[in-house]
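Novice: Sharing a structure below in structure tokens format, with a few things to ask.
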Amino acid sequence: MLFEGTAFELNRIILVRILSTVVLVTLFLVAARRARLVPGRGQNVAELALDFVRVNIAEEIIGKATARRYIPLLTTIFFAVLAMNITGVIPGLNIASSSLIGFPLVMAVIAFVAFIVVGIRSHGALGYLRTTLFPSGVPWPVYIILTPIELISTFILRPATLTIRLLVNMVAGHLLLVLCFAATHFLFFEAAGALKAIGVVTLAAGLAFTLFEIFIAALQAYIFTLLTAVYISISQEAH
Amino acid sequence: MEITGNIATIGFGLAALGPGIGLGIMVAKTQEATARQPEVAGLLRTNMFIALAAIEALGLIGFAAGFVF
């Protein structure tokens, strides 16, 4: 812990967060500062990544006509989550900075506010509540069951699951890696005789799970952004 | 033979059952649909990920419940 006892107390995860933010900002600054019409190698990679969010998430889910307004938000969410997740497998850092609830919660609140604002802008406050809580096309007695379900799922479960999904994925991934490598350490150095051989298996599992964690880090960033886009597009269109 | 410990320890195993079956069915059906109509593969994959998010949330809540309760 740095600066312990003061208001600027920093633990390891916060340090990793600051580091990954700085690296992310620097990467994009470098890629964007010398942006040319004919892209160089670095700019090419950045454009490829930005294009992925733009085409495969925003335009596919929200639709080409209206997606443009939400691209900055979705891009920010995607790269922030990706940068915070990927630190979980970087040697020396070894902890996903999204494995404390603060970061996933802030991201989920941003997504929550975004889709509510979009809904209110497209239908008006009352209109948004009406289209969300009383979807048309069902006989009225169904509303007795449907309205509470819609209320809970839209305004509570959506942000809650966004938070829990990201947080728990990262915590579980970290635990998996810790289990594998701690077992390897124990089996190699402290276990007796033939048991040492099992350490090879746990080491291989640890390395395999490291690759798996890279995949999960990217997948979670993708899913988080995808769901935000889905929520925005749902509140945009009338039921 | 005697087994001691808290019955709650097997909770996550039980919580993983449902989402496991769900994921299996979902991926199988997506594969099937892609084989039938390869031209909509992109849309099917996107929808698969949205469903994956909903399904895995169940398993993850099971994991989180162990810490909370």
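Please note that chains go A, B, ... in the order of the structure tokens, that every chain numbers its residues from 1, and that ligands are numbered from 1 in the order shown.
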Check every residue of chain B for an atom within 9 Å of chain A, counting only C-alpha atoms, and provide those that qualify as a list of chain:residue names.

Specialist: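 Using only C-alpha atoms, chain B residues at most 9 Å from chain A: B:Gly42, B:Leu43, B:Thr46, B:Phe49, B:Ile50, B:Leu52, B:Ala53, B:Ala54, B:Glu56, B:Ala57, B:Leu60, B:Ile61, B:Phe63, B:Ala64.
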
Novice: Step one, run DSSP on the backbone; step two, keep only residues of chain B assigned to alpha helix (DSSP H); then write them as JSON, numbers by chain.

Specialist: {"B": [11, 12, 13, 14, 15, 16, 17, 18, 19, 20, 21, 22, 23, 24, 25, 26, 27, 28, 29, 30, 31, 32, 33, 34, 35, 36, 41, 42, 43, 44, 45, 46, 47, 48, 49, 50, 51, 52, 53, 54, 55, 56, 57, 58, 59, 60, 61, 62, 63, 64, 65, 66, 67, 68]}

Novice: So that I can see what lies close to A:Ile18, please list as a list in words the residues with an atom at most 12 Å from it, counting only C-alpha atoms and leaving out residues fewer than 4 positions away in the same chain.

Specialist: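 Near neighbours after the sequence-gap exclusion: Leu10, Asn11, Arg12, Ile13, Ile14, Val22, Val23, Leu24, Val25, Ala80, Ala83, Met84, Thr87, Leu93, Ser97, Ser98 and Phe103 of chain A.
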
Novice: Quick one: residues within 9 Å of A:Ile77, only C-alpha atoms counted, chain neighbours fewer than 3 positions away excluded, as a VMD selection string?

Specialist: chain A and resid 72 to 74 80 to 82 107 110 to 111 221 224 to 225 228

Novice: Show me, as a list in words, the residues that have an atom within 8 Å of B:Ala51 when counting only C-alpha atoms, minus same-chain residues fewer than 4 positions from it.

Specialist: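 In the requested form, the answer reads Met26, Asn47 and Ile55 of chain B.
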
Novice: Selection from above, N, CA, C and O atoms, as a short mmCIF file (atom, residue, chain, number, x, y, z; two decimals), in the first residue's frame, can you write it?

Specialist:
```cif
data_model
loop_
_atom_site.label_atom_id
_atom_site.label_comp_id
_atom_site.auth_asym_id
_atom_site.auth_seq_id
_atom_site.Cartn_x
_atom_site.Cartn_y
_atom_site.Cartn_z
N MET B 26 -27.70 -23.93 -26.32
CA MET B 26 -27.60 -22.70 -27.11
C MET B 26 -26.55 -22.85 -28.22
O MET B 26 -26.82 -22.55 -29.39
N ASN B 47 -26.39 -12.86 -31.68
CA ASN B 47 -27.49 -13.25 -30.80
C ASN B 47 -27.05 -14.29 -29.79
O ASN B 47 -27.50 -14.31 -28.64
N ILE B 55 -27.27 -16.26 -19.89
CA ILE B 55 -27.13 -17.57 -19.27
C ILE B 55 -26.02 -17.58 -18.23
O ILE B 55 -26.17 -18.06 -17.12
#
```
